[in-house]
$ cat entry_33.pdb   # PDB, C-alpha atoms, pLDDT in the B column
ATOM      1  CA  MET C   1     -53.864  -2.079  59.610  1.00 48.00           C
ATOM      2  CA  VAL C   2     -56.857  -0.462  61.307  1.00 46.00           C
ATOM      3  CA  PHE C   3     -55.322  -0.136  64.782  1.00 47.00           C
ATOM      4  CA  ASP C   4     -51.662   0.823  64.379  1.00 50.00           C
ATOM      5  CA  GLU C   5     -50.698   0.718  68.057  1.00 60.00           C
ATOM      6  CA  ARG C   6     -51.771  -2.884  68.683  1.00 75.00           C
ATOM      7  CA  ALA C   7     -50.141  -6.090  67.476  1.00 87.00           C
ATOM      8  CA  TYR C   8     -52.472  -9.090  67.305  1.00 94.00           C
ATOM      9  CA  SER C   9     -51.325 -12.585  68.253  1.00 95.00           C
ATOM     10  CA  VAL C  10     -52.198 -15.168  65.612  1.00 96.00           C
ATOM     11  CA  LEU C  11     -52.445 -18.939  65.522  1.00 97.00           C
ATOM     12  CA  VAL C  12     -52.517 -20.398  62.005  1.00 97.00           C
ATOM     13  CA  VAL C  13     -53.897 -23.933  61.919  1.00 97.00           C
ATOM     14  CA  SER C  14     -52.910 -25.510  58.614  1.00 95.00           C
ATOM     15  CA  SER C  15     -51.390 -28.730  57.340  1.00 92.00           C
ATOM     16  CA  GLY C  16     -50.513 -27.144  53.994  1.00 88.00           C
ATOM     17  CA  SER C  17     -47.032 -25.652  53.653  1.00 90.00           C
ATOM     18  CA  ARG C  18     -48.074 -23.733  50.526  1.00 92.00           C
ATOM     19  CA  PHE C  19     -50.814 -21.946  52.446  1.00 92.00           C
ATOM     20  CA  ASN C  20     -48.437 -21.196  55.318  1.00 93.00           C
ATOM     21  CA  ASP C  21     -45.918 -19.700  52.889  1.00 93.00           C
ATOM     22  CA  ALA C  22     -48.657 -17.648  51.238  1.00 92.00           C
ATOM     23  CA  ILE C  23     -50.161 -16.208  54.410  1.00 94.00           C
ATOM     24  CA  THR C  24     -46.897 -15.396  56.201  1.00 94.00           C
ATOM     25  CA  PRO C  25     -46.243 -12.170  54.184  1.00 95.00           C
ATOM     26  CA  LEU C  26     -49.749 -10.986  55.122  1.00 95.00           C
ATOM     27  CA  LEU C  27     -48.878 -11.183  58.831  1.00 95.00           C
ATOM     28  CA  PRO C  28     -45.921  -8.804  59.351  1.00 94.00           C
ATOM     29  CA  TYR C  29     -44.454  -8.668  62.856  1.00 91.00           C
ATOM     30  CA  SER C  30     -45.235  -4.956  63.103  1.00 91.00           C
ATOM     31  CA  GLU C  31     -48.955  -5.771  63.053  1.00 93.00           C
ATOM     32  CA  TYR C  32     -49.212  -9.431  64.089  1.00 94.00           C
ATOM     33  CA  TYR C  33     -47.069 -10.904  66.863  1.00 93.00           C
ATOM     34  CA  PRO C  34     -46.488 -13.623  67.722  1.00 94.00           C
ATOM     35  CA  VAL C  35     -47.559 -15.666  64.707  1.00 95.00           C
ATOM     36  CA  CYS C  36     -47.553 -19.393  65.475  1.00 96.00           C
ATOM     37  CA  PHE C  37     -48.368 -22.383  63.286  1.00 96.00           C
ATOM     38  CA  ALA C  38     -50.021 -25.692  64.195  1.00 96.00           C
ATOM     39  CA  GLY C  39     -50.075 -28.563  61.713  1.00 94.00           C
ATOM     40  CA  ASN C  40     -53.094 -30.381  63.157  1.00 95.00           C
ATOM     41  CA  ILE C  41     -56.071 -29.813  65.455  1.00 95.00           C
ATOM     42  CA  ALA C  42     -54.469 -31.573  68.446  1.00 94.00           C
ATOM     43  CA  ALA C  43     -51.418 -29.297  68.230  1.00 95.00           C
ATOM     44  CA  ALA C  44     -53.699 -26.290  67.863  1.00 95.00           C
ATOM     45  CA  ARG C  45     -55.627 -27.219  71.019  1.00 94.00           C
ATOM     46  CA  ARG C  46     -52.335 -27.494  72.921  1.00 94.00           C
ATOM     47  CA  GLU C  47     -51.345 -24.029  71.673  1.00 94.00           C
ATOM     48  CA  MET C  48     -54.662 -22.587  72.824  1.00 93.00           C
ATOM     49  CA  LEU C  49     -54.140 -24.076  76.276  1.00 91.00           C
ATOM     50  CA  ALA C  50     -50.619 -22.651  76.456  1.00 90.00           C
ATOM     51  CA  ARG C  51     -51.574 -19.046  75.687  1.00 91.00           C
ATOM     52  CA  ALA C  52     -54.384 -16.770  74.510  1.00 92.00           C
ATOM     53  CA  TYR C  53     -54.543 -15.670  70.884  1.00 95.00           C
ATOM     54  CA  ASP C  54     -56.358 -12.732  69.325  1.00 95.00           C
ATOM     55  CA  PHE C  55     -56.863 -14.480  65.968  1.00 96.00           C
ATOM     56  CA  VAL C  56     -57.132 -18.136  64.978  1.00 97.00           C
ATOM     57  CA  ILE C  57     -56.987 -18.811  61.226  1.00 97.00           C
ATOM     58  CA  ILE C  58     -57.936 -22.344  60.173  1.00 97.00           C
ATOM     59  CA  ASN C  59     -57.131 -23.583  56.680  1.00 95.00           C
ATOM     60  CA  ALA C  60     -59.600 -26.469  56.414  1.00 93.00           C
ATOM     61  CA  PRO C  61     -59.416 -29.356  56.192  1.00 92.00           C
ATOM     62  CA  VAL C  62     -56.542 -29.854  58.618  1.00 93.00           C
ATOM     63  CA  CYS C  63     -55.184 -33.390  58.229  1.00 88.00           C
ATOM     64  CA  ASP C  64     -58.654 -34.467  57.008  1.00 82.00           C
ATOM     65  CA  ASP C  65     -60.372 -32.777  59.969  1.00 88.00           C
ATOM     66  CA  PRO C  66     -62.958 -30.308  58.607  1.00 89.00           C
ATOM     67  CA  GLY C  67     -62.080 -27.866  61.408  1.00 92.00           C
ATOM     68  CA  ALA C  68     -65.669 -26.746  62.003  1.00 94.00           C
ATOM     69  CA  ARG C  69     -65.983 -28.191  65.517  1.00 95.00           C
ATOM     70  CA  PHE C  70     -62.619 -26.741  66.551  1.00 96.00           C
ATOM     71  CA  ALA C  71     -63.602 -23.334  65.124  1.00 96.00           C
ATOM     72  CA  MET C  72     -66.883 -23.325  67.054  1.00 96.00           C
ATOM     73  CA  ASP C  73     -65.183 -24.444  70.282  1.00 95.00           C
ATOM     74  CA  ILE C  74     -62.571 -21.710  70.094  1.00 95.00           C
ATOM     75  CA  SER C  75     -65.091 -19.019  69.190  1.00 94.00           C
ATOM     76  CA  THR C  76     -67.404 -19.883  72.091  1.00 92.00           C
ATOM     77  CA  LYS C  77     -64.842 -20.754  74.792  1.00 92.00           C
ATOM     78  CA  THR C  78     -62.143 -18.105  74.215  1.00 92.00           C
ATOM     79  CA  ASP C  79     -61.851 -14.447  73.239  1.00 90.00           C
ATOM     80  CA  ALA C  80     -60.160 -15.302  69.923  1.00 94.00           C
ATOM     81  CA  ILE C  81     -61.656 -14.165  66.622  1.00 95.00           C
ATOM     82  CA  VAL C  82     -61.797 -17.181  64.313  1.00 96.00           C
ATOM     83  CA  LEU C  83     -61.492 -17.296  60.517  1.00 97.00           C
ATOM     84  CA  LEU C  84     -62.286 -20.614  58.858  1.00 97.00           C
ATOM     85  CA  LEU C  85     -61.122 -21.020  55.252  1.00 96.00           C
ATOM     86  CA  LEU C  86     -63.213 -23.618  53.425  1.00 95.00           C
ATOM     87  CA  LYS C  87     -63.028 -25.377  50.091  1.00 91.00           C
ATOM     88  CA  THR C  88     -65.667 -24.045  47.715  1.00 90.00           C
ATOM     89  CA  ASP C  89     -67.688 -27.274  47.535  1.00 88.00           C
ATOM     90  CA  LEU C  90     -68.090 -27.352  51.330  1.00 88.00           C
ATOM     91  CA  TYR C  91     -68.429 -23.633  51.934  1.00 91.00           C
ATOM     92  CA  GLU C  92     -72.223 -23.218  52.034  1.00 89.00           C
ATOM     93  CA  GLN C  93     -72.767 -26.298  54.204  1.00 88.00           C
ATOM     94  CA  ILE C  94     -70.138 -25.540  56.854  1.00 93.00           C
ATOM     95  CA  HIS C  95     -70.660 -21.770  56.765  1.00 93.00           C
ATOM     96  CA  GLY C  96     -74.248 -22.369  57.905  1.00 91.00           C
ATOM     97  CA  GLN C  97     -73.013 -24.508  60.807  1.00 93.00           C
ATOM     98  CA  VAL C  98     -70.397 -22.123  62.162  1.00 95.00           C
ATOM     99  CA  GLN C  99     -71.930 -18.704  61.505  1.00 93.00           C
ATOM    100  CA  PRO C 100     -74.209 -18.805  64.611  1.00 94.00           C
ATOM    101  CA  TYR C 101     -71.047 -19.266  66.711  1.00 94.00           C
ATOM    102  CA  GLY C 102     -69.465 -16.053  65.433  1.00 93.00           C
ATOM    103  CA  VAL C 103     -66.938 -17.750  63.148  1.00 95.00           C
ATOM    104  CA  PHE C 104     -65.827 -15.791  60.073  1.00 95.00           C
ATOM    105  CA  THR C 105     -65.588 -17.833  56.867  1.00 95.00           C
ATOM    106  CA  LEU C 106     -64.037 -17.405  53.428  1.00 95.00           C
ATOM    107  CA  PRO C 107     -64.006 -19.808  50.483  1.00 93.00           C
ATOM    108  CA  VAL C 108     -60.689 -20.994  49.076  1.00 91.00           C
ATOM    109  CA  PRO C 109     -59.026 -20.273  46.849  1.00 88.00           C
ATOM    110  CA  THR C 110     -59.539 -16.650  47.845  1.00 88.00           C
ATOM    111  CA  PRO C 111     -57.829 -13.529  46.439  1.00 89.00           C
ATOM    112  CA  VAL C 112     -55.071 -12.011  48.567  1.00 91.00           C
ATOM    113  CA  GLN C 113     -56.951  -8.726  48.787  1.00 92.00           C
ATOM    114  CA  THR C 114     -60.017 -10.506  50.162  1.00 92.00           C
ATOM    115  CA  LEU C 115     -57.900 -12.221  52.793  1.00 92.00           C
ATOM    116  CA  LYS C 116     -56.384  -8.870  53.770  1.00 92.00           C
ATOM    117  CA  GLN C 117     -59.885  -7.454  54.126  1.00 92.00           C
ATOM    118  CA  GLY C 118     -60.822 -10.451  56.260  1.00 92.00           C
ATOM    119  CA  LEU C 119     -57.955  -9.661  58.620  1.00 94.00           C
ATOM    120  CA  LYS C 120     -59.266  -6.098  58.966  1.00 93.00           C
ATOM    121  CA  TRP C 121     -62.733  -7.442  59.812  1.00 92.00           C
ATOM    122  CA  MET C 122     -61.151  -9.641  62.457  1.00 93.00           C
ATOM    123  CA  ALA C 123     -59.302  -6.673  63.946  1.00 92.00           C
ATOM    124  CA  ALA C 124     -62.538  -4.667  64.100  1.00 92.00           C
ATOM    125  CA  ALA C 125     -64.333  -7.576  65.810  1.00 92.00           C
ATOM    126  CA  ARG C 126     -61.499  -8.025  68.320  1.00 90.00           C
ATOM    127  CA  GLU C 127     -61.529  -4.332  69.246  1.00 91.00           C
ATOM    128  CA  ARG C 128     -65.294  -4.378  69.702  1.00 88.00           C
ATOM    129  CA  LEU C 129     -64.979  -7.411  71.981  1.00 82.00           C
ATOM    130  CA  ARG C 130     -62.176  -5.696  73.905  1.00 82.00           C
ATOM    131  CA  ARG C 131     -64.308  -2.597  74.508  1.00 84.00           C
ATOM    132  CA  THR C 132     -67.227  -4.758  75.646  1.00 81.00           C
ATOM    133  CA  GLN C 133     -64.939  -6.534  78.117  1.00 76.00           C
ATOM    134  CA  GLU C 134     -63.615  -3.210  79.423  1.00 77.00           C
ATOM    135  CA  LYS C 135     -67.168  -1.931  79.964  1.00 76.00           C
ATOM    136  CA  ALA C 136     -68.107  -5.137  81.779  1.00 70.00           C
ATOM    137  CA  SER C 137     -65.026  -4.790  83.960  1.00 71.00           C
ATOM    138  CA  THR C 138     -65.952  -1.181  84.795  1.00 77.00           C
ATOM    139  CA  VAL C 139     -69.466  -2.227  85.799  1.00 76.00           C
ATOM    140  CA  GLU C 140     -68.070  -5.021  87.987  1.00 79.00           C
ATOM    141  CA  ASP C 141     -65.649  -2.587  89.635  1.00 81.00           C
ATOM    142  CA  LYS C 142     -68.495  -0.148  90.348  1.00 83.00           C
ATOM    143  CA  MET C 143     -70.664  -2.893  91.832  1.00 87.00           C
ATOM    144  CA  GLU C 144     -67.745  -3.992  94.022  1.00 86.00           C
ATOM    145  CA  GLU C 145     -67.271  -0.407  95.246  1.00 87.00           C
ATOM    146  CA  ILE C 146     -70.970  -0.106  96.120  1.00 88.00           C
ATOM    147  CA  ARG C 147     -70.848  -3.397  98.017  1.00 90.00           C
ATOM    148  CA  LEU C 148     -67.768  -2.379 100.036  1.00 89.00           C
ATOM    149  CA  VAL C 149     -69.090   1.124 100.779  1.00 90.00           C
ATOM    150  CA  ASN C 150     -72.342  -0.361 102.062  1.00 91.00           C
ATOM    151  CA  GLN C 151     -70.422  -2.752 104.327  1.00 92.00           C
ATOM    152  CA  ALA C 152     -68.294   0.127 105.614  1.00 91.00           C
ATOM    153  CA  LYS C 153     -71.379   2.253 106.285  1.00 91.00           C
ATOM    154  CA  TRP C 154     -72.954  -0.492 108.399  1.00 91.00           C
ATOM    155  CA  THR C 155     -69.676  -0.856 110.289  1.00 91.00           C
ATOM    156  CA  LEU C 156     -69.753   2.866 111.116  1.00 91.00           C
ATOM    157  CA  ILE C 157     -73.408   2.650 112.080  1.00 92.00           C
ATOM    158  CA  GLU C 158     -72.789  -0.272 114.435  1.00 89.00           C
ATOM    159  CA  GLN C 159     -69.427   0.803 115.908  1.00 88.00           C
ATOM    160  CA  GLN C 160     -69.571   4.618 115.781  1.00 87.00           C
ATOM    161  CA  LYS C 161     -73.328   4.938 116.284  1.00 89.00           C
ATOM    162  CA  MET C 162     -73.644   7.054 113.125  1.00 89.00           C
ATOM    163  CA  THR C 163     -76.827   7.336 111.131  1.00 90.00           C
ATOM    164  CA  GLU C 164     -76.742   6.000 107.588  1.00 88.00           C
ATOM    165  CA  SER C 165     -76.546   9.513 106.110  1.00 89.00           C
ATOM    166  CA  GLU C 166     -73.727  10.441 108.523  1.00 91.00           C
ATOM    167  CA  ALA C 167     -71.796   7.311 107.575  1.00 91.00           C
ATOM    168  CA  HIS C 168     -72.306   8.062 103.894  1.00 87.00           C
ATOM    169  CA  ARG C 169     -71.099  11.665 104.291  1.00 90.00           C
ATOM    170  CA  TYR C 170     -68.118  10.497 106.368  1.00 91.00           C
ATOM    171  CA  ILE C 171     -66.912   8.109 103.664  1.00 91.00           C
ATOM    172  CA  GLU C 172     -67.426  10.701 100.911  1.00 90.00           C
ATOM    173  CA  LYS C 173     -65.565  13.410 102.880  1.00 89.00           C
ATOM    174  CA  GLN C 174     -62.663  11.106 103.717  1.00 90.00           C
ATOM    175  CA  ALA C 175     -62.339  10.154 100.052  1.00 89.00           C
ATOM    176  CA  MET C 176     -62.436  13.806  98.965  1.00 89.00           C
ATOM    177  CA  ASP C 177     -60.031  15.070 101.635  1.00 87.00           C
ATOM    178  CA  ARG C 178     -57.484  12.318 100.972  1.00 86.00           C
ATOM    179  CA  CYS C 179     -57.953  12.274  97.174  1.00 86.00           C
ATOM    180  CA  VAL C 180     -58.687   8.566  97.051  1.00 86.00           C
ATOM    181  CA  SER C 181     -61.692   6.509  95.978  1.00 88.00           C
ATOM    182  CA  LYS C 182     -64.602   5.683  98.258  1.00 88.00           C
ATOM    183  CA  LYS C 183     -63.684   2.043  97.730  1.00 87.00           C
ATOM    184  CA  GLU C 184     -60.262   2.637  99.292  1.00 90.00           C
ATOM    185  CA  ILE C 185     -61.777   4.404 102.317  1.00 91.00           C
ATOM    186  CA  ALA C 186     -64.294   1.565 102.708  1.00 90.00           C
ATOM    187  CA  LEU C 187     -61.512  -1.019 102.601  1.00 91.00           C
ATOM    188  CA  GLN C 188     -59.591   0.863 105.307  1.00 91.00           C
ATOM    189  CA  ILE C 189     -62.688   1.007 107.522  1.00 90.00           C
ATOM    190  CA  LEU C 190     -63.292  -2.715 107.099  1.00 89.00           C
ATOM    191  CA  GLN C 191     -59.627  -3.506 107.759  1.00 89.00           C
ATOM    192  CA  MET C 192     -59.750  -1.507 110.984  1.00 86.00           C
ATOM    193  CA  GLN C 193     -62.892  -3.388 111.968  1.00 83.00           C
ATOM    194  CA  ARG C 194     -61.144  -6.723 111.432  1.00 80.00           C
ATOM    195  CA  ALA C 195     -58.098  -5.526 113.377  1.00 76.00           C
ATOM    196  CA  SER C 196     -60.303  -4.412 116.277  1.00 73.00           C
ATOM    197  CA  GLY C 197     -62.114  -7.729 116.233  1.00 62.00           C
ATOM    198  CA  ALA C 198     -58.841  -9.644 116.315  1.00 59.00           C
ATOM    199  CA  GLN C 199     -57.585  -7.594 119.287  1.00 61.00           C
ATOM    200  CA  ALA C 200     -60.855  -8.211 121.148  1.00 57.00           C
ATOM    201  CA  ASP C 201     -60.502 -11.953 120.534  1.00 57.00           C
ATOM    202  CA  GLN C 202     -56.948 -11.941 121.904  1.00 59.00           C
ATOM    203  CA  LYS C 203     -58.020 -10.120 125.086  1.00 58.00           C
ATOM    204  CA  ALA C 204     -60.874 -12.567 125.564  1.00 53.00           C
TER     205      ALA C 204
END
$ encode --input "entry_33.pdb" --output "structure tokens"
Amino acid sequence: MVFDERAYSVLVVSSGSRFNDAITPLLPYSEYYPVCFAGNIAAARREMLARAYDFVIINAPVCDDPGARFAMDISTKTDAIVLLLLKTDLYEQIHGQVQPYGVFTLPVPTPVQTLKQGLKWMAAARERLRRTQEKASTVEDKMEEIRLVNQAKWTLIEQQKMTESEAHRYIEKQAMDRCVSKKEIALQILQMQRASGAQADQKA
């Protein structure tokens, strides 16, 4: 496994017991947990509503459903990495449909080693997506801090008659002296403003 410290949750969508028996040894609990099985697309959709999965592996067709629409839905609407296994005679046609949606495909029958390699590709894709999400979250957090600090500065300007540069230096110094983030100082300033406003309303 590429990333030894992380276990990936897996949903296997397959109506074939032989395939389920064949893929189970490739998904050891030390690397993939939990591993759940759905025998049809409706059951798979219920599973996806019940919890998030890192990987969704679809052995098509599933009870005569080609699985392409489900694969595209999951790939575009969730964070799961999707692998669609297709019969050789349908591979080129359906591969062209699902590839733009980020769905991995392999023809079946496929060698065990190829399937193992496919799982490694899925792990790499999931980690890349995870890092992208973490970066996006960091940017959002930074934007939120800037927004709160600006609100706190205007509160100091209006209530304490500070200039903008004085308010900025005050927040930075408070954060440095108390070893906390500027966001936390800004939140405290805004909370005090709300408390003062509530007291003024009660007196009125």
$ resolve_selection --input "entry_33.pdb" --expression "the PyMOL selection byres ((chain C and resi 147-149) around 10)" --output "list in words"
Asp141, Lys142, Met143, Glu144, Glu145, Ile146, Asn150, Gln151, Ala152, Lys153, Trp154, Thr155, Ala167, His168, Ile171, Glu172, Lys182, Lys183, Glu184, Ile185, Ala186, Leu187, Ile189 and Leu190 of chain C
$ residues_around --input "entry_33.pdb" --residues "Val103 in chain C" --least-positions-apart "4" --cutoff "8 Å" --atoms "only C-alpha atoms" --output "number ranges by chain"
C: 71-72, 75, 81-84, 98-99
$ closest_residue --input "entry_33.pdb" --among "C:Tyr101, C:Phe55, C:Tyr170, C:Tyr91" --to "Asp79 in chain C" --atoms "all atoms listed in the file"
C:Phe55
$ resolve_selection --input "entry_33.pdb" --expression "the PyMOL selection byres ((chain C and resi 51-53) around 7)" --output "PyMOL selection string"
chain C and resi 9-11+47-50+54-56+80
$ closest_residue --input "entry_33.pdb" --among "C:Val62, C:Ile57, C:Leu27, C:Ala123" --to "Ile41 in chain C" --atoms "all atoms listed in the file"
C:Val62
$ residues_near_point --input "entry_33.pdb" --point "(-59.0, -13.3, 55.2)" --cutoff "9 Å" --atoms "only C-alpha atoms" --output "PyMOL selection string"
chain C and resi 57+83-85+104-106+110-122
$ atom_distance --input "entry_33.pdb" --atom1 "CA of Arg45 in chain C" --atom2 "CA of Arg128 in chain C"
24.8 Å
$ atom_distance --input "entry_33.pdb" --atom1 "CA of Ala60 in chain C" --atom2 "CA of Ser14 in chain C"
7.1 Å
$ closest_residue --input "entry_33.pdb" --among "C:Pro61, C:Cys36, C:Pro28, C:Thr138" --to "Gly16 in chain C" --atoms "only C-alpha atoms"
C:Pro61
$ atom_distance --input "entry_33.pdb" --atom1 "CA of Thr24 in chain C" --atom2 "CA of Ala7 in chain C"
15.0 Å
$ resolve_selection --input "entry_33.pdb" --expression "the PyMOL selection byres ((chain C and resi 40) around 7)" --output "PyMOL selection string"
chain C and resi 13-15+38-39+41-44+62-63
$ closest_residue --input "entry_33.pdb" --among "C:Phe70, C:Ser30, C:Arg130, C:Ile58" --to "Pro107 in chain C" --atoms "all atoms listed in the file"
C:Ile58
$ axis_aligned_box --input "entry_33.pdb" --around "range 168-174 of chain C" --padding-each-side "5 Å" --output "AutoDock Vina command-line options"
--center_x -67.5 --center_y 10.7 --center_z 103.6 --size_x 19.6 --size_y 15.3 --size_z 15.5
$ closest_residue --input "entry_33.pdb" --among "C:Thr78, C:Gln133, C:Gln160, C:Ser165" --to "Gly102 in chain C" --atoms "only C-alpha atoms"
C:Thr78
$ closest_residue --input "entry_33.pdb" --among "C:Ile23, C:Pro100, C:Ser17, C:Val108" --to "Thr76 in chain C" --atoms "all atoms listed in the file"
C:Pro100
$ decode --input "entry_33.pdb" --residues "range 123-175 of chain C" --atoms "C-alpha atoms" --output "PDB file, in the first residue's frame"
ATOM      1  CA  ALA C 123      -5.103   5.724  -3.267  1.00  0.00           C
ATOM      2  CA  ALA C 124      -2.886   8.286  -5.011  1.00  0.00           C
ATOM      3  CA  ALA C 125      -5.957  10.098  -6.389  1.00  0.00           C
ATOM      4  CA  ARG C 126      -7.649  10.109  -2.972  1.00  0.00           C
ATOM      5  CA  GLU C 127      -4.572  11.582  -1.282  1.00  0.00           C
ATOM      6  CA  ARG C 128      -4.290  14.280  -3.933  1.00  0.00           C
ATOM      7  CA  LEU C 129      -7.956  15.168  -3.417  1.00  0.00           C
ATOM      8  CA  ARG C 130      -7.433  15.204   0.354  1.00  0.00           C
ATOM      9  CA  ARG C 131      -4.514  17.634   0.060  1.00  0.00           C
ATOM     10  CA  THR C 132      -6.541  19.877  -2.252  1.00  0.00           C
ATOM     11  CA  GLN C 133      -9.373  19.927   0.292  1.00  0.00           C
ATOM     12  CA  GLU C 134      -6.950  20.760   3.111  1.00  0.00           C
ATOM     13  CA  LYS C 135      -5.504  23.661   1.101  1.00  0.00           C
ATOM     14  CA  ALA C 136      -8.997  24.953   0.342  1.00  0.00           C
ATOM     15  CA  SER C 137      -9.867  24.725   4.024  1.00  0.00           C
ATOM     16  CA  THR C 138      -6.718  26.675   4.949  1.00  0.00           C
ATOM     17  CA  VAL C 139      -7.590  29.422   2.469  1.00  0.00           C
ATOM     18  CA  GLU C 140     -11.143  29.611   3.842  1.00  0.00           C
ATOM     19  CA  ASP C 141      -9.808  29.828   7.402  1.00  0.00           C
ATOM     20  CA  LYS C 142      -7.445  32.653   6.405  1.00  0.00           C
ATOM     21  CA  MET C 143     -10.234  34.564   4.671  1.00  0.00           C
ATOM     22  CA  GLU C 144     -12.422  34.147   7.763  1.00  0.00           C
ATOM     23  CA  GLU C 145      -9.616  35.506   9.969  1.00  0.00           C
ATOM     24  CA  ILE C 146      -9.174  38.547   7.714  1.00  0.00           C
ATOM     25  CA  ARG C 147     -12.915  39.217   7.786  1.00  0.00           C
ATOM     26  CA  LEU C 148     -13.107  39.006  11.596  1.00  0.00           C
ATOM     27  CA  VAL C 149      -9.970  41.115  12.132  1.00  0.00           C
ATOM     28  CA  ASN C 150     -11.383  43.815   9.865  1.00  0.00           C
ATOM     29  CA  GLN C 151     -14.660  43.816  11.813  1.00  0.00           C
ATOM     30  CA  ALA C 152     -12.745  44.038  15.093  1.00  0.00           C
ATOM     31  CA  LYS C 153     -10.625  46.917  13.788  1.00  0.00           C
ATOM     32  CA  TRP C 154     -13.719  48.927  12.858  1.00  0.00           C
ATOM     33  CA  THR C 155     -15.166  48.211  16.299  1.00  0.00           C
ATOM     34  CA  LEU C 156     -12.020  49.645  17.907  1.00  0.00           C
ATOM     35  CA  ILE C 157     -12.092  52.621  15.567  1.00  0.00           C
ATOM     36  CA  GLU C 158     -15.723  53.397  16.394  1.00  0.00           C
ATOM     37  CA  GLN C 159     -15.701  52.611  20.137  1.00  0.00           C
ATOM     38  CA  GLN C 160     -12.115  53.392  21.197  1.00  0.00           C
ATOM     39  CA  LYS C 161     -11.514  56.195  18.697  1.00  0.00           C
ATOM     40  CA  MET C 162      -8.375  54.459  17.395  1.00  0.00           C
ATOM     41  CA  THR C 163      -6.979  55.021  13.943  1.00  0.00           C
ATOM     42  CA  GLU C 164      -6.940  52.034  11.614  1.00  0.00           C
ATOM     43  CA  SER C 165      -3.188  51.525  12.089  1.00  0.00           C
ATOM     44  CA  GLU C 166      -3.572  51.756  15.888  1.00  0.00           C
ATOM     45  CA  ALA C 167      -6.369  49.187  15.827  1.00  0.00           C
ATOM     46  CA  HIS C 168      -4.276  46.900  13.644  1.00  0.00           C
ATOM     47  CA  ARG C 169      -1.252  47.181  15.961  1.00  0.00           C
ATOM     48  CA  TYR C 170      -3.469  46.627  19.016  1.00  0.00           C
ATOM     49  CA  ILE C 171      -4.852  43.348  17.669  1.00  0.00           C
ATOM     50  CA  GLU C 172      -1.396  42.139  16.595  1.00  0.00           C
ATOM     51  CA  LYS C 173       0.150  43.006  19.992  1.00  0.00           C
ATOM     52  CA  GLN C 174      -2.658  41.335  21.933  1.00  0.00           C
ATOM     53  CA  ALA C 175      -2.251  38.187  19.845  1.00  0.00           C
TER      54      ALA C 175
END
